[in-house]
>>> print(open('data07.cif').read())   # mmCIF, C-alpha atoms
data_coords
loop_
_atom_site.label_atom_id
_atom_site.label_comp_id
_atom_site.auth_asym_id
_atom_site.auth_seq_id
_atom_site.Cartn_x
_atom_site.Cartn_y
_atom_site.Cartn_z
CA MET M 1 156.58 107.77 75.14
CA THR M 2 159.65 108.08 73.01
CA VAL M 3 159.39 110.28 69.97
CA ARG M 4 162.40 108.43 68.61
CA HIS M 5 160.63 105.09 68.36
CA ALA M 6 157.36 106.63 67.22
CA LEU M 7 159.20 108.17 64.25
CA LEU M 8 160.87 104.84 63.48
CA ALA M 9 157.41 103.21 63.52
CA LEU M 10 156.05 105.77 61.07
CA LEU M 11 159.05 105.32 58.77
CA SER M 12 158.60 101.53 58.88
CA GLU M 13 155.59 102.13 56.62
CA GLY M 14 157.75 103.78 53.94
CA PRO M 15 159.91 106.88 53.36
CA LYS M 16 158.43 110.18 54.62
CA TYR M 17 159.20 113.90 54.88
CA GLY M 18 159.85 115.57 58.24
CA LEU M 19 156.70 117.66 58.16
CA GLN M 20 154.64 114.63 57.21
CA LEU M 21 156.13 112.71 60.16
CA ARG M 22 155.05 115.42 62.56
CA GLN M 23 151.49 115.49 61.20
CA GLU M 24 151.16 111.71 61.27
CA PHE M 25 152.60 111.48 64.79
CA GLU M 26 149.98 113.91 66.07
CA ALA M 27 147.14 112.23 64.16
CA ARG M 28 148.06 108.73 65.39
CA THR M 29 148.29 109.80 69.01
CA GLY M 30 144.84 111.37 68.85
CA GLU M 31 146.52 114.84 68.88
CA VAL M 32 147.06 114.37 72.60
CA TRP M 33 150.83 114.80 72.21
CA PRO M 34 151.64 117.95 70.28
CA LEU M 35 155.11 117.85 68.76
CA ASN M 36 157.08 120.80 67.46
CA VAL M 37 159.03 120.74 64.23
CA GLY M 38 162.31 121.29 66.07
CA GLN M 39 161.80 118.10 68.10
CA VAL M 40 161.14 116.13 64.93
CA TYR M 41 164.32 117.30 63.19
CA THR M 42 166.56 116.95 66.25
CA THR M 43 165.29 113.39 66.72
CA LEU M 44 165.77 112.57 63.04
CA GLN M 45 169.35 113.87 63.17
CA ARG M 46 170.11 111.62 66.14
CA LEU M 47 168.48 108.63 64.47
CA GLU M 48 170.61 109.30 61.39
CA ARG M 49 173.76 109.60 63.50
CA ASP M 50 172.96 106.22 65.09
CA GLY M 51 172.39 104.64 61.70
CA PHE M 52 168.68 103.94 62.23
CA VAL M 53 167.44 106.19 59.44
CA GLU M 54 168.99 107.64 56.31
CA SER M 55 168.02 110.78 54.50
CA GLU M 56 167.53 111.18 50.82
CA ASP M 57 170.34 112.93 49.04
CA SER M 58 168.72 116.34 48.94
CA ALA M 59 171.30 118.83 50.15
CA GLU M 60 169.21 121.06 52.37
CA ASP M 61 167.47 120.48 55.67
CA GLY M 62 163.81 121.37 55.68
CA PRO M 63 160.30 120.12 55.24
CA GLN M 64 161.03 118.59 51.85
CA ARG M 65 163.85 116.36 53.03
CA GLY M 66 162.81 112.71 52.99
CA PHE M 67 163.85 109.97 55.42
CA ARG M 68 163.76 106.18 55.30
CA ILE M 69 164.34 103.52 57.95
CA THR M 70 167.47 101.30 57.76
CA ARG M 71 167.78 97.57 58.61
CA ASP M 72 169.33 98.56 61.94
CA GLY M 73 166.39 100.91 62.51
CA GLU M 74 163.92 98.08 61.90
CA LYS M 75 165.82 95.89 64.36
CA GLU M 76 165.85 98.69 66.94
CA LEU M 77 162.08 99.20 66.54
CA ALA M 78 161.30 95.48 66.85
CA GLU M 79 163.39 95.28 70.02
CA TRP M 80 161.82 98.39 71.56
CA LEU M 81 158.28 97.11 70.95
CA ARG M 82 159.10 94.01 72.99
CA THR M 83 161.03 95.69 75.81
CA PRO M 84 158.79 96.18 78.87
CA PRO M 85 158.81 99.72 80.26
CA ASP M 86 160.55 100.08 83.60
CA LEU M 87 157.76 99.61 86.13
CA SER M 88 159.88 97.58 88.54
CA SER M 89 160.99 100.40 90.83
CA PRO M 90 158.14 102.30 92.46
CA PRO M 91 157.71 105.89 91.37
CA ARG M 92 157.71 108.47 94.15
CA ASP M 93 153.99 108.87 94.18
CA GLU M 94 152.89 112.21 95.56
CA LEU M 95 149.38 110.96 96.33
CA VAL M 96 150.64 107.98 98.35
CA ILE M 97 152.86 110.30 100.34
CA LYS M 98 149.98 112.71 101.00
CA VAL M 99 147.77 109.91 102.35
CA LEU M 100 150.61 108.59 104.53
CA VAL M 101 151.30 112.07 105.87
CA ALA M 102 147.56 112.70 106.48
CA LEU M 103 147.60 109.72 108.87
CA ARG M 104 150.12 111.50 111.06
CA VAL M 105 148.90 115.08 111.06
CA PRO M 106 146.73 115.84 114.13
CA GLY M 107 143.21 117.01 113.35
CA VAL M 108 143.26 115.77 109.76
CA ASP M 109 140.58 113.29 108.71
CA VAL M 110 142.38 110.95 106.33
CA HIS M 111 139.04 109.80 104.84
CA GLU M 112 138.25 113.37 103.91
CA VAL M 113 141.68 113.75 102.29
CA ILE M 114 141.12 110.51 100.34
CA GLN M 115 137.70 111.72 99.17
CA VAL M 116 139.07 115.05 97.92
CA HIS M 117 141.49 113.17 95.69
CA ARG M 118 138.91 110.58 94.66
CA ARG M 119 136.48 113.28 93.54
CA TYR M 120 139.17 115.10 91.57
CA LEU M 121 140.21 111.88 89.80
CA VAL M 122 136.63 110.89 88.96
CA GLU M 123 136.02 114.40 87.55
CA LEU M 124 139.12 113.95 85.41
CA MET M 125 137.81 110.57 84.22
CA GLN M 126 134.47 112.18 83.35
CA GLN M 127 136.29 114.62 81.07
CA TRP M 128 138.24 111.83 79.33
CA THR M 129 135.10 109.75 78.95
CA ARG M 130 133.27 112.72 77.42
CA LEU M 131 136.13 113.09 74.92
CA LYS M 132 135.85 109.41 74.03
CA GLU M 133 132.08 109.67 73.69
CA ASP M 134 132.32 112.65 71.35
CA ALA M 135 135.15 111.23 69.24
CA ALA M 136 134.43 109.64 65.91
CA GLU M 137 133.86 105.90 66.32
CA HIS M 138 136.51 105.00 63.76
CA ASP M 139 139.24 107.01 65.50
CA LEU M 140 140.88 103.93 66.94
CA GLY M 141 144.17 105.57 67.93
CA PHE M 142 142.38 108.22 69.93
CA ALA M 143 140.16 105.68 71.71
CA LEU M 144 143.25 103.66 72.68
CA VAL M 145 145.00 106.73 74.08
CA VAL M 146 141.93 107.73 76.10
CA ASP M 147 141.46 104.15 77.38
CA ALA M 148 145.08 104.11 78.56
CA GLU M 149 144.55 107.35 80.46
CA LEU M 150 141.26 106.11 81.96
CA PHE M 151 142.80 102.84 83.14
CA ARG M 152 145.75 104.72 84.63
CA ILE M 153 143.53 107.10 86.62
CA ASP M 154 141.17 104.25 87.52
CA SER M 155 144.05 102.34 89.11
CA VAL M 156 144.72 105.33 91.38
CA VAL M 157 141.03 105.52 92.37
CA ARG M 158 141.15 101.81 93.18
CA TRP M 159 144.18 102.34 95.33
CA LEU M 160 142.30 105.08 97.24
CA ASP M 161 139.33 102.69 97.68
CA ALA M 162 141.64 99.93 98.91
CA ALA M 163 143.44 102.35 101.25
CA GLU M 164 140.15 103.50 102.73
CA GLY M 165 138.98 99.92 103.22
CA ARG M 166 142.24 99.04 104.92
CA LEU M 167 142.09 102.06 107.22
CA LYS M 168 138.52 101.29 108.17
CA ARG M 169 139.37 97.71 109.03
CA ALA M 170 142.39 98.83 111.03
CA SER M 171 140.28 101.24 113.08
CA VAL M 172 137.57 98.59 113.70
CA GLU M 173 140.22 96.16 114.91
CA ALA M 174 141.74 98.83 117.12
CA ASP M 175 138.31 99.59 118.67
CA ALA M 176 137.39 95.94 119.26
CA PRO M 177 137.34 95.01 122.99
CA GLU M 178 139.49 91.92 122.46
CA ALA M 179 142.16 93.96 120.77
CA THR M 180 145.48 93.85 122.53
CA THR M 181 146.89 97.02 123.99
CA ASP M 182 149.42 97.40 121.24
CA ALA M 183 146.76 97.31 118.50
CA GLN M 184 147.50 100.27 116.30
CA SER M 185 145.08 102.98 115.37
CA PRO M 186 145.78 104.36 111.89
CA ALA M 187 147.29 107.47 113.44
CA ALA M 188 149.78 105.37 115.36
CA MET M 189 150.97 103.39 112.37
CA PRO M 190 154.60 104.00 111.55
CA LEU M 191 155.41 105.66 108.26
CA PRO M 192 157.28 103.36 105.92
CA ARG M 193 160.70 104.71 105.13
CA LEU M 194 160.10 105.51 101.50
CA GLY M 195 163.18 107.64 101.13
CA ARG M 196 165.49 104.70 101.75
CA ARG M 197 164.04 102.60 99.02
CA VAL M 198 166.34 102.26 96.08
CA GLY M 199 165.42 103.05 92.52
CA VAL M 200 162.84 105.71 93.25
CA ARG M 201 162.00 107.40 89.99
CA ARG M 202 160.77 110.91 89.02
CA MET O 1 111.16 121.95 86.67
CA THR O 2 109.96 118.83 88.46
CA ALA O 3 112.73 116.32 89.03
CA ALA O 4 112.13 112.86 87.52
CA LEU O 5 113.34 111.39 90.81
CA GLU O 6 113.74 113.04 94.17
CA LEU O 7 114.82 111.54 97.48
CA ARG O 8 114.16 113.80 100.45
CA SER O 9 115.97 112.96 103.64
CA VAL O 10 115.58 109.24 103.06
CA SER O 11 116.75 106.85 105.79
CA LYS O 12 116.49 103.09 105.88
CA VAL O 13 116.96 100.88 108.94
CA TYR O 14 116.96 97.08 108.83
CA GLY O 15 116.33 95.05 112.00
CA ASP O 16 116.20 96.57 115.47
CA GLY O 17 117.99 96.56 118.79
CA PRO O 18 121.50 95.12 118.70
CA THR O 19 120.99 93.80 115.14
CA GLU O 20 119.92 97.17 113.79
CA VAL O 21 121.65 98.24 110.59
CA GLN O 22 121.33 101.78 109.31
CA ALA O 23 121.60 101.33 105.53
CA LEU O 24 120.79 104.91 104.50
CA ARG O 25 121.02 108.11 106.54
CA GLU O 26 119.19 111.28 105.50
CA VAL O 27 119.94 110.90 101.80
CA ASN O 28 118.92 113.75 99.48
CA LEU O 29 119.15 113.21 95.74
CA SER O 30 117.50 114.86 92.79
CA VAL O 31 117.73 113.64 89.19
CA GLU O 32 116.35 115.74 86.34
CA ALA O 33 114.91 114.28 83.16
CA GLY O 34 117.70 113.72 80.63
CA ALA O 35 120.43 113.44 83.29
CA LEU O 36 122.51 110.40 84.15
CA VAL O 37 123.66 110.28 87.77
CA ALA O 38 126.07 107.69 89.15
CA VAL O 39 126.04 106.73 92.81
CA MET O 40 129.47 105.42 93.69
CA GLY O 41 130.42 103.59 96.84
CA PRO O 42 132.02 100.41 98.15
CA SER O 43 129.96 97.32 98.96
CA GLY O 44 127.92 97.91 102.07
CA SER O 45 127.68 101.66 101.48
CA GLY O 46 123.93 101.45 100.85
CA LYS O 47 123.90 102.03 97.11
CA SER O 48 121.72 99.03 96.20
CA THR O 49 119.27 99.97 98.97
CA LEU O 50 119.12 103.48 97.55
CA LEU O 51 118.22 102.06 94.15
CA THR O 52 115.51 99.69 95.37
CA ILE O 53 113.91 102.50 97.40
CA ALA O 54 114.10 104.89 94.41
CA GLY O 55 112.43 102.21 92.30
CA SER O 56 109.66 101.61 94.85
CA LEU O 57 110.73 97.98 95.33
CA GLU O 58 111.29 98.75 99.00
CA ASP O 59 110.01 101.44 101.42
CA ALA O 60 112.08 104.07 103.16
CA THR O 61 111.96 103.99 106.97
CA THR O 62 111.72 107.79 107.02
CA GLY O 63 111.82 110.47 104.34
CA GLU O 64 110.04 110.94 101.03
CA VAL O 65 110.56 109.53 97.54
CA LEU O 66 109.02 111.40 94.61
CA VAL O 67 108.86 110.02 91.07
CA GLY O 68 107.79 112.59 88.48
CA GLY O 69 106.73 114.88 91.33
CA LEU O 70 104.40 112.29 92.91
CA THR O 71 105.05 111.04 96.44
CA LEU O 72 105.32 107.24 96.58
CA SER O 73 104.04 107.07 100.15
CA GLY O 74 100.84 108.83 99.08
CA MET O 75 100.03 106.20 96.45
CA SER O 76 97.92 103.07 96.74
CA ARG O 77 99.61 99.71 96.23
CA ASN O 78 98.00 99.43 92.81
CA ASP O 79 99.14 102.86 91.72
CA ARG O 80 102.66 102.08 92.81
CA ALA O 81 102.65 98.78 90.95
CA ARG O 82 101.40 100.59 87.83
CA LEU O 83 104.15 103.21 88.21
CA ARG O 84 106.76 100.45 88.44
CA ARG O 85 105.46 98.78 85.29
CA ARG O 86 105.00 101.93 83.23
CA ALA O 87 107.46 104.57 84.31
CA ILE O 88 110.46 102.80 85.82
CA GLY O 89 112.94 100.51 84.10
CA TYR O 90 115.44 98.36 85.99
CA VAL O 91 118.75 96.92 84.82
CA PHE O 92 120.37 94.41 87.15
CA GLN O 93 123.91 93.11 87.36
CA ASP O 94 122.90 89.58 86.39
CA PHE O 95 120.44 90.74 83.67
CA ASN O 96 117.45 88.86 85.19
CA LEU O 97 116.05 87.69 81.86
CA LEU O 98 113.49 84.89 81.91
CA ALA O 99 115.16 81.84 80.40
CA GLY O 100 111.92 80.40 78.94
CA LEU O 101 111.10 83.53 76.92
CA THR O 102 112.77 84.76 73.73
CA ALA O 103 114.57 88.12 73.66
CA VAL O 104 111.58 89.95 72.23
CA GLU O 105 109.17 88.25 74.66
CA ASN O 106 111.39 89.33 77.56
CA VAL O 107 111.39 92.92 76.30
CA ALA O 108 107.62 92.95 75.67
CA LEU O 109 106.79 91.41 79.05
CA PRO O 110 106.41 94.65 81.09
CA LEU O 111 103.99 96.01 78.48
CA GLU O 112 101.97 92.79 78.40
CA LEU O 113 101.78 92.76 82.19
CA ASP O 114 100.44 96.27 81.92
CA GLY O 115 97.58 95.06 79.71
CA VAL O 116 98.97 96.03 76.28
CA ALA O 117 97.81 93.58 73.57
CA ALA O 118 100.44 90.91 72.84
CA ARG O 119 100.88 91.92 69.20
CA THR O 120 101.36 95.62 70.04
CA ALA O 121 103.72 94.77 72.90
CA GLN O 122 105.85 92.51 70.69
CA ALA O 123 106.06 95.24 68.01
CA ALA O 124 107.26 97.73 70.64
CA GLY O 125 109.68 95.07 71.90
CA MET O 126 111.14 94.57 68.42
CA GLU O 127 111.52 98.31 68.02
CA ALA O 128 113.44 98.57 71.29
CA LEU O 129 115.69 95.67 70.24
CA GLU O 130 116.34 97.30 66.87
CA GLN O 131 117.41 100.52 68.56
CA LEU O 132 120.01 98.52 70.47
CA GLY O 133 121.27 96.74 67.36
CA LEU O 134 119.62 93.41 68.15
CA SER O 135 117.05 93.19 65.36
CA ASP O 136 118.26 89.71 64.35
CA GLN O 137 118.23 88.31 67.88
CA GLY O 138 114.54 88.75 68.77
CA SER O 139 113.61 85.09 68.49
CA ARG O 140 116.63 83.78 70.40
CA PHE O 141 116.50 82.60 74.00
CA PRO O 142 118.81 84.17 76.60
CA ASP O 143 121.15 81.17 76.66
CA GLN O 144 121.70 81.60 72.91
CA LEU O 145 122.99 85.15 73.42
CA SER O 146 126.41 86.43 74.54
CA GLY O 147 126.76 88.29 77.85
CA GLY O 148 126.89 91.65 76.06
CA GLU O 149 123.77 90.81 74.03
CA ARG O 150 121.87 89.68 77.12
CA GLN O 151 122.61 92.96 78.85
CA ARG O 152 121.42 94.88 75.77
CA VAL O 153 118.17 92.89 75.88
CA ALA O 154 117.86 93.81 79.57
CA ILE O 155 118.33 97.48 78.68
CA ALA O 156 115.75 97.20 75.89
CA ARG O 157 113.31 95.76 78.44
CA ALA O 158 114.09 98.63 80.82
CA VAL O 159 113.43 101.37 78.26
CA VAL O 160 110.51 99.81 76.31
CA GLY O 161 107.32 101.87 76.30
CA ASP O 162 107.29 105.29 77.88
CA ARG O 163 109.77 104.92 80.76
CA ARG O 164 110.87 108.08 82.49
CA LEU O 165 113.29 106.62 85.00
CA LEU O 166 116.03 104.07 84.32
CA LEU O 167 117.67 102.46 87.37
CA ALA O 168 120.75 100.30 86.97
CA ASP O 169 122.67 98.28 89.57
CA GLU O 170 126.25 97.55 88.41
CA PRO O 171 124.90 97.24 84.85
CA SER O 172 128.15 96.10 83.30
CA GLY O 173 128.26 93.18 85.77
CA ALA O 174 130.89 90.70 84.68
CA LEU O 175 131.16 92.12 81.16
CA ASP O 176 134.58 93.07 79.79
CA SER O 177 135.41 96.76 79.50
CA VAL O 178 134.43 97.10 75.82
CA ASN O 179 130.98 95.57 76.46
CA GLY O 180 130.70 97.59 79.68
CA GLU O 181 131.35 100.74 77.67
CA ALA O 182 128.66 99.73 75.17
CA VAL O 183 126.17 99.39 78.05
CA MET O 184 126.99 102.89 79.30
CA ARG O 185 126.70 104.36 75.79
CA LEU O 186 123.19 102.89 75.62
CA MET O 187 122.30 104.33 79.03
CA ARG O 188 123.49 107.76 77.90
CA ALA O 189 121.57 107.47 74.64
CA ALA O 190 118.39 106.71 76.64
CA CYS O 191 119.05 109.78 78.81
CA ARG O 192 119.52 111.96 75.74
CA ARG O 193 116.00 110.93 74.74
CA GLY O 194 114.77 112.45 78.01
CA VAL O 195 114.91 109.51 80.44
CA ALA O 196 116.43 110.17 83.87
CA GLY O 197 119.07 107.57 84.73
CA VAL O 198 120.62 106.42 87.99
CA VAL O 199 123.44 103.91 87.96
CA VAL O 200 124.95 102.56 91.17
CA THR O 201 128.45 101.15 90.93
CA HIS O 202 131.79 100.78 92.66
CA ASP O 203 133.54 101.18 89.30
CA ALA O 204 134.96 104.64 88.54
CA GLN O 205 135.18 103.96 84.81
CA LEU O 206 131.46 103.20 84.68
CA ALA O 207 130.63 106.17 86.90
CA SER O 208 132.63 108.50 84.67
CA TRP O 209 129.92 108.20 81.99
CA ALA O 210 127.51 110.07 84.27
CA ASP O 211 126.79 113.80 84.23
CA ARG O 212 127.16 113.79 88.01
CA VAL O 213 128.75 111.33 90.41
CA VAL O 214 127.45 111.14 93.98
CA PHE O 215 129.68 109.45 96.56
CA LEU O 216 128.01 107.26 99.20
CA ARG O 217 129.80 106.14 102.37
CA ASP O 218 128.14 104.24 105.23
CA GLY O 219 124.69 105.20 103.96
CA ARG O 220 125.49 108.91 103.68
CA VAL O 221 126.04 111.11 100.65
CA VAL O 222 129.47 112.53 101.45
CA ASP O 223 130.36 114.33 98.25
CA GLN O 224 129.57 114.82 94.57
CA THR O 225 131.41 115.88 91.44
CA ALA O 226 131.24 119.43 90.14
CA PRO O 227 129.50 120.07 86.81
CA PRO O 228 131.96 118.80 84.20
CA LEU O 229 134.41 121.11 82.48
CA GLY O 230 134.52 120.86 78.72
CA PRO O 231 136.80 118.04 77.57
CA GLU O 232 138.89 120.67 75.75
CA SER O 233 140.47 121.50 79.11
CA LEU O 234 142.38 118.20 78.90
CA LEU O 235 144.07 119.18 75.69
CA GLU O 236 145.45 122.49 76.92
CA PRO O 237 148.93 121.89 78.27
CA SER O 238 149.14 122.73 81.95
CA PRO O 239 151.72 125.34 83.00
CA SER O 240 153.90 122.67 84.61
CA GLN O 241 154.42 120.79 81.35
#
>>> encode(input="data07.cif", output="structure tokens")
Amino acid sequence: MTVRHALLALLSEGPKYGLQLRQEFEARTGEVWPLNVGQVYTTLQRLERDGFVESEDSAEDGPQRGFRITRDGEKELAEWLRTPPDLSSPPRDELVIKVLVALRVPGVDVHEVIQVHRRYLVELMQQWTRLKEDAAEHDLGFALVVDAELFRIDSVVRWLDAAEGRLKRASVEADAPEATTDAQSPAAMPLPRLGRRVGVRR
Amino acid sequence: MTAALELRSVSKVYGDGPTEVQALREVNLSVEAGALVAVMGPSGSGKSTLLTIAGSLEDATTGEVLVGGLTLSGMSRNDRARLRRRAIGYVFQDFNLLAGLTAVENVALPLELDGVAARTAQAAGMEALEQLGLSDQGSRFPDQLSGGERQRVAIARAVVGDRRLLLADEPSGALDSVNGEAVMRLMRAACRRGVAGVVVTHDAQLASWADRVVFLRDGRVVDQTAPPLGPESLLEPSPSQ
């Protein structure tokens, strides 16, 4: 989430004061992202430096200083909206690493480790769902933010489900009488060399 | 307080000898009136079996099932059939509406089967449809309704009359997420009116509507969620942020 582009989006509706921008930012994001006044003014100064916004001619900085978007700012906003976020390089996912490590640690039941994380994530989803249930029906921005969070967590739960299914199948194949001697039990599977992968983020 | 549904050490075995399949193993589950419980597990974990046994559509091999404090195994066949018609509502993945009946006739059917006069049953059916926002659709046939509307009719049929237990198997079926959410809102609304609900699903988003999520693996309850924290806890920034 870039505050910079969110402010440009708000200014694309018409000129606004700094304080107003902060209030509208919080309202539109369902108040899930609190923003301090300092962040708003620092960002506005940078946007002004880059020629994306211009301030009204009032001499002093402060809550009463108005800002408007420039043509370059509108172009920048349009381009940003259409630029896909960088999802191409895998993030260094702590949960994936924990499950991979659990496979190798003697005496650790990887299914139990998976279930601990699954339960935690489902509890988290219950809290988000409760928020959505209690929210006013017309609060569209808030519902969209909560949906995004739910889908994100859900994808992790699905990965855990898929991982468990894969481990189960691997152990059934390893136990089968016709399995060759080099059939691998989950514990014998080699760890992928994550550290060597390029472009690891976070 | 008597639980609306209680499973005590319920096991279910299909087949015998080398073909024996243990579908449920010593399952304990208690659902209070007004609560919505989700049973979450992958396919083959036994969750549909759990639901059909809870709904008296199938018998447990060992263990006890109590509905409203009454033991199913102690009931005559007739009493059990009456309990199914009067006290238990079912919602299935594929809706199971009768194609030759209109929406309101589908909803009124359980009451009519139970001996309620047709006119009274239809009035109760219309009322249930109205509660689910389908007052204009009563005279339509299932194939004239959208998927979301069909599932709402199925929920109306499941809650019509004085049902105390609502059992749902993957109730959002093939619906998109917005319609799936609408189904779960209706299930929760029914529970707020005092019905006990059990929904079995593999879908975490669906399960997250429940007050409690029970995890089933290979026929065993392996875990369940803690009582939910208030949603406010999500809005307090964590120390790491």
>>> resolve_selection(input="data07.cif", expression="the PyMOL selection byres ((chain O and resi 73) around 12)", output="mmCIF file with C-alpha atoms, in the coordinates of the input")
data_model
loop_
_atom_site.group_PDB
_atom_site.id
_atom_site.type_symbol
_atom_site.label_atom_id
_atom_site.label_comp_id
_atom_site.auth_asym_id
_atom_site.auth_seq_id
_atom_site.Cartn_x
_atom_site.Cartn_y
_atom_site.Cartn_z
ATOM 1 C CA LEU O 7 114.820 111.540 97.480
ATOM 2 C CA ILE O 53 113.910 102.500 97.400
ATOM 3 C CA ALA O 54 114.100 104.890 94.410
ATOM 4 C CA SER O 56 109.660 101.610 94.850
ATOM 5 C CA GLU O 58 111.290 98.750 99.000
ATOM 6 C CA ASP O 59 110.010 101.440 101.420
ATOM 7 C CA ALA O 60 112.080 104.070 103.160
ATOM 8 C CA THR O 61 111.960 103.990 106.970
ATOM 9 C CA THR O 62 111.720 107.790 107.020
ATOM 10 C CA GLY O 63 111.820 110.470 104.340
ATOM 11 C CA GLU O 64 110.040 110.940 101.030
ATOM 12 C CA VAL O 65 110.560 109.530 97.540
ATOM 13 C CA LEU O 66 109.020 111.400 94.610
ATOM 14 C CA VAL O 67 108.860 110.020 91.070
ATOM 15 C CA LEU O 70 104.400 112.290 92.910
ATOM 16 C CA THR O 71 105.050 111.040 96.440
ATOM 17 C CA LEU O 72 105.320 107.240 96.580
ATOM 18 C CA GLY O 74 100.840 108.830 99.080
ATOM 19 C CA MET O 75 100.030 106.200 96.450
ATOM 20 C CA SER O 76 97.920 103.070 96.740
ATOM 21 C CA ARG O 77 99.610 99.710 96.230
ATOM 22 C CA ASP O 79 99.140 102.860 91.720
ATOM 23 C CA ARG O 80 102.660 102.080 92.810
#
>>> atom_distance(input="data07.cif", atom1="CA of Gly161 in chain O", atom2="CA of Leu186 in chain O")
15.9 Å
>>> atom_distance(input="data07.cif", atom1="CA of Leu103 in chain M", atom2="CA of Gly219 in chain O")
23.9 Å
>>> closest_residue(input="data07.cif", among="M:Tyr41, M:Trp80, M:Trp33, M:Phe67", to="chain O", atoms="all atoms listed in the file")
M:Trp33
>>> closest_residue(input="data07.cif", among="O:Val195, O:Val27, O:Ala189, O:Leu129", to="chain M", atoms="all atoms listed in the file")
O:Ala189
>>> residues_around(input="data07.cif", residues="Asp143 in chain O", least_positions_apart="2", cutoff="12 Å", atoms="all atoms listed in the file", output="PyMOL selection string")
chain O and resi 95+97-103+137+139-141+145-150
>>> closest_residue(input="data07.cif", among="O:Val159, O:Ala108, O:Gly44, O:Val116", to="chain M", atoms="only C-alpha atoms")
O:Gly44
>>> interface_residues(input="data07.cif", of="chain M", to="chain O", cutoff="9 Å", atoms="only C-alpha atoms", output="ChimeraX atom specification")
/M:31-33,115-116,119-120,122-131,133,150-151,154,157-158,161,165
>>> write_last_selection(input="data07.cif", atoms="C-alpha atoms", output="PDB file, in the coordinates of the input")
ATOM      1  CA  GLU M  31     146.520 114.840  68.880  1.00  0.00           C
ATOM      2  CA  VAL M  32     147.060 114.370  72.600  1.00  0.00           C
ATOM      3  CA  TRP M  33     150.830 114.800  72.210  1.00  0.00           C
ATOM      4  CA  GLN M 115     137.700 111.720  99.170  1.00  0.00           C
ATOM      5  CA  VAL M 116     139.070 115.050  97.920  1.00  0.00           C
ATOM      6  CA  ARG M 119     136.480 113.280  93.540  1.00  0.00           C
ATOM      7  CA  TYR M 120     139.170 115.100  91.570  1.00  0.00           C
ATOM      8  CA  VAL M 122     136.630 110.890  88.960  1.00  0.00           C
ATOM      9  CA  GLU M 123     136.020 114.400  87.550  1.00  0.00           C
ATOM     10  CA  LEU M 124     139.120 113.950  85.410  1.00  0.00           C
ATOM     11  CA  MET M 125     137.810 110.570  84.220  1.00  0.00           C
ATOM     12  CA  GLN M 126     134.470 112.180  83.350  1.00  0.00           C
ATOM     13  CA  GLN M 127     136.290 114.620  81.070  1.00  0.00           C
ATOM     14  CA  TRP M 128     138.240 111.830  79.330  1.00  0.00           C
ATOM     15  CA  THR M 129     135.100 109.750  78.950  1.00  0.00           C
ATOM     16  CA  ARG M 130     133.270 112.720  77.420  1.00  0.00           C
ATOM     17  CA  LEU M 131     136.130 113.090  74.920  1.00  0.00           C
ATOM     18  CA  GLU M 133     132.080 109.670  73.690  1.00  0.00           C
ATOM     19  CA  LEU M 150     141.260 106.110  81.960  1.00  0.00           C
ATOM     20  CA  PHE M 151     142.800 102.840  83.140  1.00  0.00           C
ATOM     21  CA  ASP M 154     141.170 104.250  87.520  1.00  0.00           C
ATOM     22  CA  VAL M 157     141.030 105.520  92.370  1.00  0.00           C
ATOM     23  CA  ARG M 158     141.150 101.810  93.180  1.00  0.00           C
ATOM     24  CA  ASP M 161     139.330 102.690  97.680  1.00  0.00           C
ATOM     25  CA  GLY M 165     138.980  99.920 103.220  1.00  0.00           C
TER      26      GLY M 165
END
>>> closest_residue(input="data07.cif", among="M:Gly18, M:Gly73, M:Gly38, M:Gly66", to="His5 in chain M", atoms="only C-alpha atoms")
M:Gly73
>>> atom_distance(input="data07.cif", atom1="CA of Leu29 in chain O", atom2="CA of Pro171 in chain O")
20.2 Å
>>> closest_residue(input="data07.cif", among="O:Asp162, O:Asp114, O:Glu105, O:Asp169", to="Gly46 in chain O", atoms="all atoms listed in the file")
O:Asp169
>>> resolve_selection(input="data07.cif", expression="the PyMOL selection byres ((chain M and resi 142) around 8)", output="PyMOL selection string")
chain M and resi 28-31+132+135+139-141+143-146
>>> axis_aligned_box(input="data07.cif", around="range 9-15 of chain O", padding_each_side="3 Å", output="JSON")
{"center_x": 116.3, "center_y": 104.0, "center_z": 107.5, "size_x": 7.4, "size_y": 23.9, "size_z": 14.9}
>>> closest_residue(input="data07.cif", among="M:Lys75, M:Asp134, M:Val113, M:Pro34", to="Val96 in chain M", atoms="all atoms listed in the file")
M:Val113
>>> residues_around(input="data07.cif", residues="Ile114 in chain M", least_positions_apart="3", cutoff="7 Å", atoms="all atoms listed in the file", output="PyMOL selection string")
chain M and resi 99+110-111+117-118+160
>>> decode(input="data07.cif", residues="range 90-104 of chain O", atoms="C-alpha atoms", output="CSV table (one decimal), in the first residue's frame")
chain,number,residue,atom,x,y,z
O,90,TYR,CA,-30.9,-30.1,6.2
O,91,VAL,CA,-29.1,-28.0,3.6
O,92,PHE,CA,-27.2,-29.9,1.0
O,93,GLN,CA,-24.5,-28.8,-1.4
O,94,ASP,CA,-26.7,-29.3,-4.5
O,95,PHE,CA,-29.8,-27.8,-2.8
O,96,ASN,CA,-32.0,-30.9,-3.4
O,97,LEU,CA,-35.1,-29.0,-4.4
O,98,LEU,CA,-37.9,-30.9,-6.1
O,99,ALA,CA,-38.0,-29.6,-9.7
O,100,GLY,CA,-41.8,-30.2,-10.1
O,101,LEU,CA,-42.7,-28.0,-7.1
O,102,THR,CA,-42.6,-24.2,-6.9
O,103,ALA,CA,-40.4,-22.5,-4.3
O,104,VAL,CA,-43.1,-22.1,-1.8
